[in-house]
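A.B. asks: Sharing a structure below in structure tokens format, with a few things to ask.
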Amino acid sequence: MPRDGPFLPVYKEAMELAIRAAEAVAEPYYRRYACLSIGDELPRDGEFGALRLKAFEGAYRATLAVTDPFGMEYCLIELFQAVPKSRDFFPLIQKIIEDALSFFTVRKWMEDVDVFDVVDYILSAEDHDISDSKKNRFSREKYSKAMSKELLKFGESLNDTRFIETLRPYTHVWIRPQGLRDSVKKVVARLESLKTTYHGAEVERPVFVSELHPETGALVVKQKDLAPRECISIDLGATNTVVMRKKKDEAPDFMHLGPICRQYDSIHIVPTLLSAETNNIGAEAAGGNPVSNMKQLLLEGNPRGREHMERFIRILYQHMKKATVNTGWFSILPRNAAEVVYMTVPVGYQDYSSAVREIASKVMKGARVELIEEPLAAAVGYQVADDRDRLIMVIDFGGSTLNTMVVRLNMDEVHIVAKPERALMLGGHDIDHWLAEHLSAKAGITGASRESLRLAAEEVKIRLSERREVPFVWDGMEAGKVARDEFEEVLEKREFYATVDRAIINVIKRAEKVGVRKEAIEAILLTGGSSQIPSFKDKIGDIFPELRAGNLIYDHSPLTAVGMGAALYGTRDVTDRHLAMAYALRYAPHEKDVTHSFCIVLEKGEQLPLEKAFRLRPARKLGLQREITIELFEIPERLLARRWVVEDGIEYLKQELKETAGEAMPGLKPFTLVFEEAVPDEVHVAFCVSGSGEVSLKYGPHGKTVETGLKLQ
């Protein structure tokens, strides 16, 4: 009979009737055979699990009705082989094992032993020469080997410690033969070892189900309540550094730092250069072979990056003091800890930010050092806010990073709607090196220093922003012409435009999670020196054609917006509700020799508040579970990996955990979810994180909520 479609109910009814008929057979051997045949006939899927269990239970009852003990033992071993080794059958398997092993106890096998052998056994505790009748001894040995084989096979994957109590009585010295007893001991020892590895409330790898961002009260940093009377802002860029100061209600102004500055009209900038030999910085270090990539080195975690950055900031601070010594303005820093130095950092690089804060606090003793994300500062610095809210995307493309952010702002407030978990490590320095490789190959230049070529390529890149064709000058002579189209081909070969696409779409996707669609963005703010590359601006215009048509892509303050915004930061109330760290759930995998693994459940940079639901299965590493334990761990930045994935036709960055190689991760307080009965095969658990980071867990069909007392960063 077919087993699907309209035949399925009839098939089930027929098999139920067959089981009833089998149990009506009087002779136990035939009754057992009929029940086993029905159990084997039934499909293996879960829909027929209850019927299969009923059939095998009928076979077990028929086996116990067999009067010959050797015949019963044979049937029990055969039944042990046939019964499915799934958890639903474990109670039946326990009964089968217990009855099968009892055949090998002293009481059972001594029924066939001569009386003189019994006396010898009692005197010697165990005598390997003791024997029963030859026929029974042969059968007993044969059955013991078969039982040992099946028990060891079953025990290899068994993880239910309830079997310890079933098996332990058969590890004693009076269980014969010894080979069977040793097999039982091996299974018991394995189960005992599991108890030292697992706590019995583990979960399997979580499966993502859904994500929701409920509207709740926002965590607002009341900057205006903390606004200093006077402050300094330092936009620490990879190519240029901008230093500004603000006094009371006055507009921010550039600090004039003399010979280390370059002046472009009213703009004063300090090239982010350091001469390791002379300790000159800025314009004074432009000759020779200065360090020009200290920010990128620090972002990459290179120790030399920290060393160079500390020297640069220390010397910059000395020039700042010299520039203000006559006015006495700078003297507020060491005397009044309420005054602030605002420093800008890329989005998401925790180690870099910590290093900058430590260096600045060490160098600028007495000042309160505050860090501001670069695109956030740019949003304030462009000063395009009205009395009403405006939704704006900031794209900050500097010397080493590409920062993106969607913000809602007005004259008094800035609300960060969406941002990536960290800025993309792509900047003008990368483009300089790509172009330098192209130019050196084109002009046949060999043996030149990498930095000299980069500086020459940077000059070509800057001039191509103004003209369609420029000369490439090397060693004081023109080495050829470079067209803008040629430069763009270099960028295309490096997948530059595709990377920009990904970065923009990634932050738009994050904004959509909280209900903000691309069409709602009212303006684009471009900042950073690299944002002036014509084809980059064209690319942004292609992504936002309506805004380009309305002249709503602003790029008039590429070098100063971040420094200006940092100085004005204290005049706004800022709402930023994003996780600063990623968090992983510890789970128990199926793989042998792997006791625990980790899976990211809350990504760095996730928008808060957040309800993120996962489907969890109890791991049952020690058998029946009435609870599951949620164990969260903080993931250090060095253990985070990123890869681009495609979902619903949209490409975005996904965070993954690198191989930990036994490296310990900070664990949070574990929390156990208790169930009235056994934990079901699947449980939906939602991590509910408030705007300020407090975590509650919602689980079960009725959405039971439990406060954990945990607060995430």
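To be explicit about the labels: the chains of the structure tokens are called A, B, and onward in the order shown, and within each one the residues are counted from 1, while ligands get numbers from 1 in the order they are shown.
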I need the residues in range 459-646 of chain A that are strand (DSSP E or B) according to DSSP; give them as a JSON list (two decimals) with N, CA and C atoms, in the first residue's frame.

C.D. replies:
[["chain", "number", "residue", "atom", "x", "y", "z"],
["A", 469, "GLU", "N", 44.13, 64.79, -17.61],
["A", 469, "GLU", "CA", 45.43, 64.20, -17.94],
["A", 469, "GLU", "C", 46.52, 65.04, -17.30],
["A", 470, "VAL", "N", 47.50, 64.36, -16.66],
["A", 470, "VAL", "CA", 48.58, 65.08, -15.97],
["A", 470, "VAL", "C", 49.89, 64.36, -16.24],
["A", 471, "PRO", "N", 51.01, 65.07, -16.12],
["A", 471, "PRO", "CA", 52.31, 64.41, -16.30],
["A", 471, "PRO", "C", 52.71, 63.65, -15.05],
["A", 472, "PHE", "N", 53.43, 62.55, -15.24],
["A", 472, "PHE", "CA", 54.04, 61.80, -14.14],
["A", 472, "PHE", "C", 55.51, 62.20, -14.07],
["A", 473, "VAL", "N", 55.88, 62.90, -13.02],
["A", 473, "VAL", "CA", 57.24, 63.42, -12.87],
["A", 473, "VAL", "C", 58.02, 62.51, -11.93],
["A", 474, "TRP", "N", 59.21, 62.07, -12.41],
["A", 474, "TRP", "CA", 60.07, 61.21, -11.61],
["A", 474, "TRP", "C", 61.51, 61.68, -11.76],
["A", 477, "MET", "N", 62.05, 64.77, -13.87],
["A", 477, "MET", "CA", 61.77, 64.70, -15.31],
["A", 477, "MET", "C", 60.41, 64.04, -15.54],
["A", 478, "GLU", "N", 59.78, 64.45, -16.62],
["A", 478, "GLU", "CA", 58.50, 63.85, -16.96],
["A", 478, "GLU", "C", 58.73, 62.44, -17.52],
["A", 479, "ALA", "N", 58.08, 61.45, -16.84],
["A", 479, "ALA", "CA", 58.25, 60.06, -17.25],
["A", 479, "ALA", "C", 57.06, 59.54, -18.05],
["A", 480, "GLY", "N", 56.12, 60.43, -18.37],
["A", 480, "GLY", "CA", 54.96, 60.02, -19.15],
["A", 480, "GLY", "C", 53.72, 60.76, -18.71],
["A", 481, "LYS", "N", 52.63, 60.53, -19.46],
["A", 481, "LYS", "CA", 51.34, 61.14, -19.15],
["A", 481, "LYS", "C", 50.43, 60.09, -18.51],
["A", 482, "VAL", "N", 49.55, 60.58, -17.64],
["A", 482, "VAL", "CA", 48.58, 59.69, -16.99],
["A", 482, "VAL", "C", 47.20, 60.30, -17.17],
["A", 483, "ALA", "N", 46.30, 59.54, -17.77],
["A", 483, "ALA", "CA", 44.93, 60.01, -17.99],
["A", 483, "ALA", "C", 44.03, 59.55, -16.85],
["A", 523, "ALA", "N", 20.16, 63.43, 2.34],
["A", 523, "ALA", "CA", 21.39, 64.07, 1.87],
["A", 523, "ALA", "C", 22.56, 63.15, 2.13],
["A", 524, "ILE", "N", 23.63, 63.34, 1.36],
["A", 524, "ILE", "CA", 24.89, 62.61, 1.54],
["A", 524, "ILE", "C", 25.97, 63.62, 1.86],
["A", 525, "LEU", "N", 26.77, 63.33, 2.89],
["A", 525, "LEU", "CA", 27.90, 64.18, 3.25],
["A", 525, "LEU", "C", 29.18, 63.42, 2.96],
["A", 526, "LEU", "N", 30.01, 63.95, 2.06],
["A", 526, "LEU", "CA", 31.29, 63.34, 1.73],
["A", 526, "LEU", "C", 32.40, 64.07, 2.47],
["A", 527, "THR", "N", 33.25, 63.32, 3.11],
["A", 527, "THR", "CA", 34.37, 63.94, 3.80],
["A", 527, "THR", "C", 35.59, 63.03, 3.68],
["A", 553, "ILE", "N", 24.23, 65.97, -2.55],
["A", 553, "ILE", "CA", 25.46, 65.27, -2.18],
["A", 553, "ILE", "C", 26.51, 66.34, -1.93],
["A", 554, "TYR", "N", 26.81, 66.59, -0.65],
["A", 554, "TYR", "CA", 27.68, 67.70, -0.27],
["A", 554, "TYR", "C", 29.13, 67.23, -0.13],
["A", 573, "ASP", "N", 23.07, 66.61, 21.86],
["A", 573, "ASP", "CA", 22.74, 65.39, 22.58],
["A", 573, "ASP", "C", 22.87, 64.24, 21.59],
["A", 574, "VAL", "N", 23.60, 63.20, 21.97],
["A", 574, "VAL", "CA", 23.92, 62.12, 21.04],
["A", 574, "VAL", "C", 23.27, 60.82, 21.50],
["A", 575, "THR", "N", 22.61, 60.15, 20.56],
["A", 575, "THR", "CA", 22.02, 58.84, 20.81],
["A", 575, "THR", "C", 22.79, 57.82, 20.00],
["A", 578, "HIS", "N", 24.53, 50.92, 19.95],
["A", 578, "HIS", "CA", 25.10, 49.83, 19.18],
["A", 578, "HIS", "C", 26.04, 49.03, 20.07],
["A", 582, "ALA", "N", 31.23, 41.82, 20.10],
["A", 582, "ALA", "CA", 30.45, 40.67, 19.64],
["A", 582, "ALA", "C", 30.39, 39.65, 20.78],
["A", 583, "TYR", "N", 29.31, 38.86, 20.79],
["A", 583, "TYR", "CA", 29.12, 37.86, 21.84],
["A", 583, "TYR", "C", 28.80, 36.51, 21.21],
["A", 584, "ALA", "N", 29.43, 35.47, 21.76],
["A", 584, "ALA", "CA", 29.25, 34.12, 21.24],
["A", 584, "ALA", "C", 28.59, 33.24, 22.28],
["A", 585, "LEU", "N", 27.78, 32.30, 21.80],
["A", 585, "LEU", "CA", 27.15, 31.30, 22.65],
["A", 585, "LEU", "C", 27.98, 30.02, 22.60],
["A", 586, "ARG", "N", 28.27, 29.45, 23.76],
["A", 586, "ARG", "CA", 29.00, 28.18, 23.79],
["A", 586, "ARG", "C", 28.00, 27.04, 23.59],
["A", 587, "TYR", "N", 28.36, 26.10, 22.71],
["A", 587, "TYR", "CA", 27.46, 24.97, 22.47],
["A", 587, "TYR", "C", 28.28, 23.68, 22.38],
["A", 597, "SER", "N", 32.17, 24.29, 21.40],
["A", 597, "SER", "CA", 32.53, 25.24, 20.36],
["A", 597, "SER", "C", 31.73, 26.51, 20.60],
["A", 598, "PHE", "N", 31.95, 27.52, 19.75],
["A", 598, "PHE", "CA", 31.32, 28.82, 19.95],
["A", 598, "PHE", "C", 30.69, 29.31, 18.65],
["A", 599, "CYS", "N", 29.58, 30.00, 18.78],
["A", 599, "CYS", "CA", 28.87, 30.55, 17.62],
["A", 599, "CYS", "C", 28.43, 31.97, 17.96],
["A", 600, "ILE", "N", 28.73, 32.92, 17.08],
["A", 600, "ILE", "CA", 28.34, 34.31, 17.32],
["A", 600, "ILE", "C", 26.82, 34.44, 17.24],
["A", 601, "VAL", "N", 26.22, 35.00, 18.28],
["A", 601, "VAL", "CA", 24.77, 35.24, 18.28],
["A", 601, "VAL", "C", 24.44, 36.74, 18.27],
["A", 602, "LEU", "N", 25.32, 37.55, 18.84],
["A", 602, "LEU", "CA", 25.13, 39.01, 18.83],
["A", 602, "LEU", "C", 26.37, 39.64, 18.22],
["A", 607, "GLN", "N", 22.36, 47.17, 16.18],
["A", 607, "GLN", "CA", 21.53, 48.28, 16.64],
["A", 607, "GLN", "C", 20.69, 47.83, 17.83],
["A", 610, "LEU", "N", 17.12, 45.36, 20.80],
["A", 610, "LEU", "CA", 17.15, 44.25, 19.87],
["A", 610, "LEU", "C", 16.50, 43.03, 20.51],
["A", 611, "GLU", "N", 15.70, 42.32, 19.71],
["A", 611, "GLU", "CA", 15.23, 40.98, 20.07],
["A", 611, "GLU", "C", 15.67, 40.04, 18.97],
["A", 612, "LYS", "N", 16.59, 39.16, 19.29],
["A", 612, "LYS", "CA", 17.14, 38.25, 18.29],
["A", 612, "LYS", "C", 16.88, 36.82, 18.75],
["A", 613, "ALA", "N", 16.09, 36.09, 17.95],
["A", 613, "ALA", "CA", 15.63, 34.77, 18.36],
["A", 613, "ALA", "C", 16.41, 33.67, 17.64],
["A", 614, "PHE", "N", 16.68, 32.58, 18.38],
["A", 614, "PHE", "CA", 17.36, 31.42, 17.84],
["A", 614, "PHE", "C", 16.59, 30.16, 18.22],
["A", 615, "ARG", "N", 16.73, 29.15, 17.39],
["A", 615, "ARG", "CA", 16.18, 27.84, 17.70],
["A", 615, "ARG", "C", 17.30, 27.01, 18.33],
["A", 616, "LEU", "N", 17.06, 26.54, 19.55],
["A", 616, "LEU", "CA", 18.05, 25.76, 20.29],
["A", 616, "LEU", "C", 17.53, 24.35, 20.52],
["A", 618, "PRO", "N", 18.36, 20.85, 22.91],
["A", 618, "PRO", "CA", 19.19, 20.34, 24.02],
["A", 618, "PRO", "C", 20.21, 19.35, 23.50],
["A", 627, "GLU", "N", 16.62, 21.29, 31.77],
["A", 627, "GLU", "CA", 17.05, 22.68, 31.74],
["A", 627, "GLU", "C", 18.11, 22.85, 30.66],
["A", 628, "ILE", "N", 18.27, 24.07, 30.20],
["A", 628, "ILE", "CA", 19.36, 24.41, 29.30],
["A", 628, "ILE", "C", 20.07, 25.64, 29.85],
["A", 629, "THR", "N", 21.37, 25.65, 29.68],
["A", 629, "THR", "CA", 22.18, 26.75, 30.21],
["A", 629, "THR", "C", 22.69, 27.62, 29.07],
["A", 630, "ILE", "N", 22.47, 28.91, 29.18],
["A", 630, "ILE", "CA", 22.94, 29.88, 28.20],
["A", 630, "ILE", "C", 24.26, 30.44, 28.70],
["A", 632, "LEU", "N", 27.28, 32.92, 27.53],
["A", 632, "LEU", "CA", 27.76, 33.93, 26.58],
["A", 632, "LEU", "C", 29.21, 34.30, 26.88],
["A", 633, "PHE", "N", 29.95, 34.58, 25.82],
["A", 633, "PHE", "CA", 31.36, 34.95, 25.95],
["A", 633, "PHE", "C", 31.64, 36.18, 25.08],
["A", 634, "GLU", "N", 32.44, 37.10, 25.62],
["A", 634, "GLU", "CA", 32.88, 38.26, 24.85],
["A", 634, "GLU", "C", 33.94, 37.83, 23.85],
["A", 635, "ILE", "N", 33.86, 38.36, 22.63],
["A", 635, "ILE", "CA", 34.83, 38.00, 21.60],
["A", 635, "ILE", "C", 35.80, 39.17, 21.41],
["A", 640, "LEU", "N", 37.88, 38.06, 15.80],
["A", 640, "LEU", "CA", 36.77, 38.27, 14.87],
["A", 640, "LEU", "C", 37.27, 38.22, 13.43],
["A", 641, "ALA", "N", 36.55, 37.49, 12.60],
["A", 641, "ALA", "CA", 36.82, 37.46, 11.15],
["A", 641, "ALA", "C", 35.58, 37.95, 10.42],
["A", 642, "ARG", "N", 35.78, 38.52, 9.24],
["A", 642, "ARG", "CA", 34.66, 39.01, 8.45],
["A", 642, "ARG", "C", 34.71, 38.41, 7.05],
["A", 643, "ARG", "N", 33.53, 38.14, 6.51],
["A", 643, "ARG", "CA", 33.47, 37.72, 5.12],
["A", 643, "ARG", "C", 32.18, 38.25, 4.51],
["A", 644, "TRP", "N", 32.24, 38.46, 3.20],
["A", 644, "TRP", "CA", 31.06, 38.95, 2.49],
["A", 644, "TRP", "C", 30.16, 37.77, 2.16],
["A", 645, "VAL", "N", 28.87, 37.93, 2.46],
["A", 645, "VAL", "CA", 27.88, 36.90, 2.11],
["A", 645, "VAL", "C", 26.74, 37.57, 1.36],
["A", 646, "VAL", "N", 25.97, 36.76, 0.66],
["A", 646, "VAL", "CA", 24.82, 37.27, -0.10],
["A", 646, "VAL", "C", 23.55, 36.69, 0.52]]

A.B. asks: Skip Glu98 in chain A itself and residues of its chain fewer than 5 positions away, then list as a list in words all residues within 9 Å of it, counting only C-alpha atoms.

C.D. replies: Ile93, Thr166, Leu167 and Tyr170 of chain A

A.B. asks: Since we have the selection now, will you write its residues out, keeping N, CA and C atoms, as an mmCIF file, in the first residue's frame?

C.D. replies:
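Generated file (out-v3.cif):
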data_model
loop_
_atom_site.group_PDB
_atom_site.id
_atom_site.type_symbol
_atom_site.label_atom_id
_atom_site.label_comp_id
_atom_site.auth_asym_id
_atom_site.auth_seq_id
_atom_site.Cartn_x
_atom_site.Cartn_y
_atom_site.Cartn_z
ATOM 1 N N ILE A 93 15.571 0.200 25.684
ATOM 2 C CA ILE A 93 16.919 -0.370 25.573
ATOM 3 C C ILE A 93 17.488 -0.677 26.957
ATOM 4 N N THR A 166 22.199 1.466 35.278
ATOM 5 C CA THR A 166 21.756 0.209 34.677
ATOM 6 C C THR A 166 22.912 -0.770 34.548
ATOM 7 N N LEU A 167 24.088 -0.258 34.168
ATOM 8 C CA LEU A 167 25.230 -1.117 33.854
ATOM 9 C C LEU A 167 26.120 -1.427 35.045
ATOM 10 N N TYR A 170 26.772 -4.815 36.708
ATOM 11 C CA TYR A 170 27.365 -5.879 35.891
ATOM 12 C C TYR A 170 28.856 -5.648 35.646
#

A.B. asks: Using CA of His172 in chain A and CA of Lys149 in chain A as the two end points, give the distance in Å to one decimal.

C.D. replies: 19.0 Å

A.B. asks: Could you work out how far CA of Leu36 in chain A lies from CA of Asn136 in chain A, giving the answer in Å with one decimal?

C.D. replies: 26.8 Å

A.B. asks: What is the distance, in Å and to one decimal place, between CA of Ile267 in chain A and CA of Ala377 in chain A?

C.D. replies: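 Result for CA of Ile267 in chain A versus CA of Ala377 in chain A: 17.6 Å, one decimal.
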
A.B. asks: Just checking: using only C-alpha atoms, which residue out of A:Ile164, A:Ala24, A:Gly288, A:Ala18 ends up closest to Ser37 in chain A?

C.D. replies: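 Counting only C-alpha atoms, the residue closest to Ser37 in chain A is A:Ala18.
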
A.B. asks: I need the helix (DSSP H, G or I) residues of range 165-239 of chain A per DSSP on the backbone, written as a ChimeraX atom specification.

C.D. replies: /A:165-171,178-197,223-226

A.B. asks: Which one is closest to His415 in chain A: A:Glu370, A:Asp576, A:Glu492, A:Asp430? Count only C-alpha atoms.

C.D. replies: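 Closest residue, counting only C-alpha atoms: A:Asp576.
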
A.B. asks: Counting only C-alpha atoms, which residues of range 410-432 of chain A fall within 8 Å of range 385-398 of chain A, and what is the closest atom pair for each with its distance in Å at one decimal, ordered by chain and rising number, as a Markdown table?

C.D. replies:
| residue | atom | partner | partner_atom | distance |
| --- | --- | --- | --- | --- |
| A:Asn410 | CA | A:Ala385 | CA | 4.8 |
| A:Met411 | CA | A:Ala385 | CA | 5.5 |
| A:Gly427 | CA | A:Gly398 | CA | 5.4 |
| A:Gly428 | CA | A:Gly398 | CA | 6.1 |

A.B. asks: Just want the 9 Å neighbourhood of Lys247 in chain A, counted on only C-alpha atoms, with same-chain residues fewer than 4 positions away dropped. Output as a PyMOL selection string.

C.D. replies: chain A and resi 228-232+251-252

A.B. asks: Which of these, A:Arg140, A:Lys461, A:Lys419, A:Lys145, has the shortest distance to Glu606 in chain A once you count only C-alpha atoms?

C.D. replies: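 Checking each of A:Arg140, A:Lys461, A:Lys419, A:Lys145 against Glu606 in chain A, counting only C-alpha atoms, the winner is A:Lys419.
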
A.B. asks: Using only C-alpha atoms for the distances, tell me which of A:Ala549, A:Met343, A:Ala238, A:Cys35 is nearest to Gly529 in chain A.

C.D. replies: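 Residue with the minimum atom-to-atom distance to Gly529 in chain A: A:Ala238.
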
A.B. asks: Can you list, as a list in words, every protein, DNA or RNA residue that comes within 8 Å of His433 in chain A when you count only C-alpha atoms, leaving out same-chain residues fewer than 6 positions away?

C.D. replies: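 My reading of the contact set: Leu453, Arg454 and Ala457 of chain A.
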
A.B. asks: With C-alpha atoms retained, export the selected residues as a compact mmCIF listing (two decimals), in the first residue's frame.

C.D. replies:
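Dumped everything to part-v2.txt:
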# COMPACT_ATOMS: atom_id res chain seq x y z
CA LEU A 453 56.92 56.00 -5.49
CA ARG A 454 53.85 56.38 -3.29
CA ALA A 457 51.65 58.58 -7.23

A.B. asks: Find, counting only C-alpha atoms, the residue in A:Phe70, A:Glu192, A:His308, A:Val270 that gets nearest to Glu141 in chain A.

C.D. replies: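 Looking at the shortest contact to Glu141 in chain A, the residue is A:Phe70.
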